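Comments concern the structure below.
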Amino acid sequence: MANNIFTSIIRMKCPRCRKGDLFLKKNPYKNITHTNQMPDTCPVCGQATSLEPGFYWGASFISYPLAVLLSGFVFAIYYLLVNITELRLIIIFMLVDIAAILSAFPLIMRYSRVLFIYIFVPYEPS
């Protein structure tokens, strides 16, 4: 499979070699307490996954827009399916939106880390 940036991000691969996994567990929902566990270095190329202490604090600036995008997507689908004019329907939408964000939270956390490290580590084809 081609090592293009989009498939590498979706598959959560190392930004440097685009082959090694960035997370120890493939399934973020399997053990929710270990969702963000990453190896210290890439198993393929040895790239450090944490460039400095507190590195992934900056990923919170990416997770917020991801959650807003998800919320907008849920709103668009809900708006197309249901005419949102009554207060009761708006409250139902808010509950559906909160459920969608909470259920996608492990993926949002992971993809925010992936996108953040891709900003700082360049691709070095081998």
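Each chain in the structure tokens gets a letter, A, B and so on, in the order shown; residues start at 1 in every chain, and ligands are counted from 1 in the order they appear.
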Tell me which protein, DNA and RNA residues are within 12 Å of Gly58 of chain A, counting only C-alpha atoms, leaving out same-chain ones fewer than 3 positions away, and put them as an mmCIF file with all heavy atoms, in the first residue's frame.
```
data_model
loop_
_atom_site.group_PDB
_atom_site.id
_atom_site.type_symbol
_atom_site.label_atom_id
_atom_site.label_comp_id
_atom_site.auth_asym_id
_atom_site.auth_seq_id
_atom_site.Cartn_x
_atom_site.Cartn_y
_atom_site.Cartn_z
ATOM 1 N N SER A 50 7.254 10.971 21.761
ATOM 2 C CA SER A 50 7.054 12.166 22.580
ATOM 3 C C SER A 50 8.313 13.016 22.443
ATOM 4 O O SER A 50 9.376 12.654 22.938
ATOM 5 C CB SER A 50 6.813 11.789 24.035
ATOM 6 O OG SER A 50 6.537 12.940 24.795
ATOM 7 N N LEU A 51 8.193 14.132 21.747
ATOM 8 C CA LEU A 51 9.371 14.931 21.415
ATOM 9 C C LEU A 51 9.922 15.698 22.607
ATOM 10 O O LEU A 51 11.093 16.021 22.636
ATOM 11 C CB LEU A 51 9.042 15.881 20.272
ATOM 12 C CG LEU A 51 8.511 15.206 19.000
ATOM 13 C CD1 LEU A 51 8.268 16.232 17.911
ATOM 14 C CD2 LEU A 51 9.453 14.126 18.516
ATOM 15 N N GLU A 52 9.067 15.999 23.574
ATOM 16 C CA GLU A 52 9.498 16.696 24.795
ATOM 17 C C GLU A 52 8.442 16.459 25.870
ATOM 18 O O GLU A 52 7.323 16.056 25.561
ATOM 19 C CB GLU A 52 9.682 18.188 24.539
ATOM 20 C CG GLU A 52 8.424 18.893 24.095
ATOM 21 C CD GLU A 52 8.673 20.348 23.737
ATOM 22 O OE1 GLU A 52 9.689 20.652 23.123
ATOM 23 O OE2 GLU A 52 7.809 21.166 24.081
ATOM 24 N N PRO A 53 8.761 16.724 27.134
ATOM 25 C CA PRO A 53 7.754 16.539 28.192
ATOM 26 C C PRO A 53 6.546 17.448 27.946
ATOM 27 O O PRO A 53 6.687 18.621 27.612
ATOM 28 C CB PRO A 53 8.488 16.945 29.469
ATOM 29 C CG PRO A 53 9.939 16.772 29.152
ATOM 30 C CD PRO A 53 10.071 17.070 27.689
ATOM 31 N N GLY A 54 5.371 16.881 28.088
ATOM 32 C CA GLY A 54 4.141 17.644 27.879
ATOM 33 C C GLY A 54 3.842 17.930 26.421
ATOM 34 O O GLY A 54 3.019 18.791 26.109
ATOM 35 N N PHE A 55 4.495 17.203 25.512
ATOM 36 C CA PHE A 55 4.351 17.460 24.073
ATOM 37 C C PHE A 55 2.896 17.406 23.626
ATOM 38 O O PHE A 55 2.433 18.267 22.885
ATOM 39 C CB PHE A 55 5.193 16.458 23.283
ATOM 40 C CG PHE A 55 5.027 16.562 21.794
ATOM 41 C CD1 PHE A 55 5.534 17.660 21.113
ATOM 42 C CD2 PHE A 55 4.381 15.575 21.072
ATOM 43 C CE1 PHE A 55 5.398 17.766 19.733
ATOM 44 C CE2 PHE A 55 4.238 15.670 19.708
ATOM 45 C CZ PHE A 55 4.749 16.770 19.033
ATOM 46 N N PHE A 61 -5.485 21.446 21.335
ATOM 47 C CA PHE A 61 -5.897 22.479 20.390
ATOM 48 C C PHE A 61 -6.359 21.883 19.070
ATOM 49 O O PHE A 61 -6.941 22.574 18.241
ATOM 50 C CB PHE A 61 -4.753 23.474 20.153
ATOM 51 C CG PHE A 61 -4.422 24.277 21.369
ATOM 52 C CD1 PHE A 61 -3.316 23.974 22.135
ATOM 53 C CD2 PHE A 61 -5.250 25.309 21.784
ATOM 54 C CE1 PHE A 61 -3.020 24.697 23.277
ATOM 55 C CE2 PHE A 61 -4.968 26.037 22.928
ATOM 56 C CZ PHE A 61 -3.849 25.733 23.671
ATOM 57 N N ILE A 62 -6.095 20.618 18.856
ATOM 58 C CA ILE A 62 -6.592 19.917 17.678
ATOM 59 C C ILE A 62 -7.856 19.137 18.022
ATOM 60 O O ILE A 62 -8.770 19.039 17.212
ATOM 61 C CB ILE A 62 -5.506 18.982 17.104
ATOM 62 C CG1 ILE A 62 -4.348 19.840 16.583
ATOM 63 C CG2 ILE A 62 -6.050 18.092 16.010
ATOM 64 C CD1 ILE A 62 -3.169 19.065 16.089
ATOM 65 N N SER A 63 -7.943 18.601 19.244
ATOM 66 C CA SER A 63 -9.119 17.809 19.610
ATOM 67 C C SER A 63 -10.384 18.665 19.679
ATOM 68 O O SER A 63 -11.470 18.185 19.353
ATOM 69 C CB SER A 63 -8.894 17.071 20.928
ATOM 70 O OG SER A 63 -8.781 17.967 22.003
ATOM 71 N N TYR A 64 -10.235 19.918 20.058
ATOM 72 C CA TYR A 64 -11.416 20.789 20.118
ATOM 73 C C TYR A 64 -12.044 20.988 18.735
ATOM 74 O O TYR A 64 -13.243 20.766 18.567
ATOM 75 C CB TYR A 64 -11.070 22.134 20.769
ATOM 76 C CG TYR A 64 -12.239 23.073 20.819
ATOM 77 C CD1 TYR A 64 -13.268 22.883 21.725
ATOM 78 C CD2 TYR A 64 -12.336 24.135 19.930
ATOM 79 C CE1 TYR A 64 -14.349 23.737 21.767
ATOM 80 C CE2 TYR A 64 -13.411 24.993 19.960
ATOM 81 C CZ TYR A 64 -14.417 24.796 20.880
ATOM 82 O OH TYR A 64 -15.497 25.632 20.908
ATOM 83 N N MET A 109 -9.272 11.746 20.699
ATOM 84 C CA MET A 109 -8.007 11.897 21.429
ATOM 85 C C MET A 109 -6.848 11.333 20.614
ATOM 86 O O MET A 109 -5.782 11.951 20.517
ATOM 87 C CB MET A 109 -8.082 11.203 22.787
ATOM 88 C CG MET A 109 -8.962 11.920 23.770
ATOM 89 S SD MET A 109 -8.991 11.279 25.461
ATOM 90 C CE MET A 109 -8.326 9.685 25.422
ATOM 91 N N SER A 112 -6.135 13.482 17.411
ATOM 92 C CA SER A 112 -5.521 14.768 17.727
ATOM 93 C C SER A 112 -4.030 14.587 17.991
ATOM 94 O O SER A 112 -3.204 15.408 17.577
ATOM 95 C CB SER A 112 -6.211 15.439 18.911
ATOM 96 O OG SER A 112 -6.061 14.689 20.087
ATOM 97 N N ARG A 113 -3.651 13.491 18.641
ATOM 98 C CA ARG A 113 -2.226 13.206 18.852
ATOM 99 C C ARG A 113 -1.521 12.908 17.529
ATOM 100 O O ARG A 113 -0.410 13.372 17.289
ATOM 101 C CB ARG A 113 -2.047 12.011 19.791
ATOM 102 C CG ARG A 113 -2.206 12.370 21.236
ATOM 103 C CD ARG A 113 -1.943 11.168 22.111
ATOM 104 N NE ARG A 113 -1.849 11.614 23.496
ATOM 105 C CZ ARG A 113 -1.010 11.108 24.372
ATOM 106 N NH1 ARG A 113 -0.207 10.128 24.035
ATOM 107 N NH2 ARG A 113 -0.987 11.567 25.601
ATOM 108 N N VAL A 114 -2.176 12.120 16.690
ATOM 109 C CA VAL A 114 -1.582 11.777 15.391
ATOM 110 C C VAL A 114 -1.361 13.046 14.565
ATOM 111 O O VAL A 114 -0.273 13.267 14.029
ATOM 112 C CB VAL A 114 -2.469 10.769 14.629
ATOM 113 C CG1 VAL A 114 -1.993 10.584 13.205
ATOM 114 C CG2 VAL A 114 -2.509 9.429 15.355
ATOM 115 N N LEU A 115 -2.376 13.869 14.460
ATOM 116 C CA LEU A 115 -2.242 15.100 13.679
ATOM 117 C C LEU A 115 -1.179 16.022 14.266
ATOM 118 O O LEU A 115 -0.420 16.665 13.530
ATOM 119 C CB LEU A 115 -3.586 15.819 13.587
ATOM 120 C CG LEU A 115 -4.649 15.119 12.741
ATOM 121 C CD1 LEU A 115 -6.000 15.790 12.922
ATOM 122 C CD2 LEU A 115 -4.242 15.095 11.284
ATOM 123 N N PHE A 116 -1.101 16.076 15.587
ATOM 124 C CA PHE A 116 -0.134 16.959 16.228
ATOM 125 C C PHE A 116 1.299 16.517 15.949
ATOM 126 O O PHE A 116 2.160 17.333 15.627
ATOM 127 C CB PHE A 116 -0.405 17.031 17.736
ATOM 128 C CG PHE A 116 0.288 18.174 18.411
ATOM 129 C CD1 PHE A 116 -0.088 19.483 18.144
ATOM 130 C CD2 PHE A 116 1.303 17.947 19.312
ATOM 131 C CE1 PHE A 116 0.549 20.542 18.765
ATOM 132 C CE2 PHE A 116 1.945 19.002 19.943
ATOM 133 C CZ PHE A 116 1.566 20.304 19.668
ATOM 134 N N ILE A 117 1.581 15.215 16.042
ATOM 135 C CA ILE A 117 2.948 14.759 15.785
ATOM 136 C C ILE A 117 3.295 14.886 14.302
ATOM 137 O O ILE A 117 4.440 15.135 13.940
ATOM 138 C CB ILE A 117 3.204 13.328 16.321
ATOM 139 C CG1 ILE A 117 4.718 13.067 16.388
ATOM 140 C CG2 ILE A 117 2.484 12.293 15.515
ATOM 141 C CD1 ILE A 117 5.102 11.822 17.146
ATOM 142 N N ILE A 119 2.571 17.330 12.487
ATOM 143 C CA ILE A 119 2.969 18.727 12.267
ATOM 144 C C ILE A 119 4.469 18.891 12.468
ATOM 145 O O ILE A 119 5.119 19.653 11.746
ATOM 146 C CB ILE A 119 2.183 19.662 13.220
ATOM 147 C CG1 ILE A 119 0.703 19.689 12.835
ATOM 148 C CG2 ILE A 119 2.757 21.072 13.196
ATOM 149 C CD1 ILE A 119 -0.182 20.397 13.854
ATOM 150 N N PHE A 120 5.040 18.166 13.412
ATOM 151 C CA PHE A 120 6.425 18.403 13.825
ATOM 152 C C PHE A 120 7.446 17.415 13.278
ATOM 153 O O PHE A 120 8.651 17.705 13.280
ATOM 154 C CB PHE A 120 6.515 18.417 15.354
ATOM 155 C CG PHE A 120 5.767 19.575 15.950
ATOM 156 C CD1 PHE A 120 4.506 19.383 16.498
ATOM 157 C CD2 PHE A 120 6.311 20.839 15.942
ATOM 158 C CE1 PHE A 120 3.811 20.441 17.036
ATOM 159 C CE2 PHE A 120 5.618 21.913 16.476
ATOM 160 C CZ PHE A 120 4.355 21.715 17.017
#
```
Per-residue DSSP, chain A, filtered to strand (DSSP E or B), as a list in words | Lys13, Asp21, Thr41 and Ala48 of chain A
Please provide as number ranges by chain all residues within 8 Å of segment 98-104 of chain A, with the sequence filter that same-chain residues fewer than 3 positions apart are discarded (counting only C-alpha atoms).
-> A: 67, 70-71, 74, 94-95, 107-108
Suppose we keep N, CA and C atoms; can you now write the selection as a PDB file, in the first residue's frame?
```
ATOM      1  N   ALA A  67     -13.844  17.837  17.657  1.00  0.00           N
ATOM      2  CA  ALA A  67     -15.140  17.667  18.325  1.00  0.00           C
ATOM      3  C   ALA A  67     -16.186  18.614  17.736  1.00  0.00           C
ATOM      4  N   LEU A  70     -17.287  17.154  14.407  1.00  0.00           N
ATOM      5  CA  LEU A  70     -18.213  16.053  14.640  1.00  0.00           C
ATOM      6  C   LEU A  70     -19.585  16.584  15.030  1.00  0.00           C
ATOM      7  N   SER A  71     -19.607  17.578  15.897  1.00  0.00           N
ATOM      8  CA  SER A  71     -20.873  18.175  16.317  1.00  0.00           C
ATOM      9  C   SER A  71     -21.611  18.791  15.127  1.00  0.00           C
ATOM     10  N   VAL A  74     -23.048  15.953  13.012  1.00  0.00           N
ATOM     11  CA  VAL A  74     -24.254  15.400  13.648  1.00  0.00           C
ATOM     12  C   VAL A  74     -25.425  16.363  13.487  1.00  0.00           C
ATOM     13  N   MET A  94     -29.294  18.039  21.270  1.00  0.00           N
ATOM     14  CA  MET A  94     -28.158  18.220  22.175  1.00  0.00           C
ATOM     15  C   MET A  94     -27.770  16.904  22.844  1.00  0.00           C
ATOM     16  N   LEU A  95     -28.742  16.115  23.230  1.00  0.00           N
ATOM     17  CA  LEU A  95     -28.450  14.823  23.849  1.00  0.00           C
ATOM     18  C   LEU A  95     -27.800  13.868  22.855  1.00  0.00           C
ATOM     19  N   LEU A 107     -11.375   8.094  19.840  1.00  0.00           N
ATOM     20  CA  LEU A 107     -10.840   8.351  18.505  1.00  0.00           C
ATOM     21  C   LEU A 107     -10.397   9.801  18.345  1.00  0.00           C
ATOM     22  N   ILE A 108     -11.154  10.726  18.904  1.00  0.00           N
ATOM     23  CA  ILE A 108     -10.785  12.145  18.836  1.00  0.00           C
ATOM     24  C   ILE A 108      -9.447  12.357  19.538  1.00  0.00           C
TER      25      ILE A 108
END
```
Contacts of segment 28-31 of chain A within 10 Å, only C-alpha atoms, excl. fewer than 2 positions in-chain, as a PyMOL selection string = chain A and resi 23-26+33-37+103-107+109-110
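With atom CA of Tyr123 of chain A on one side and atom CA of Val68 of chain A on the other, the separation reads 28.6 Å.
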Pick out the closest residue to Ile9 of chain A from this set: A:Phe93, A:Trp57, A:Tyr111, A:Gly72. Count only C-alpha atoms.
-> A:Tyr111
Grab the atom CA of Thr49 of chain A to atom CA of Leu22 of chain A distance for me, in Å with one decimal place.
->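 That distance, rounded to one decimal, is 7.3 Å.
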Non-local contacts of Pro15 of chain A (7 Å; only C-alpha atoms; under 5 positions in same chain excluded) as a PyMOL selection string = chain A and resi 118+121-123
Can you list, as a PyMOL selection string, all residues belonging to chain A that DSSP tags as alpha helix (DSSP H)?
-> chain A and resi 5-10+60-81+87-120
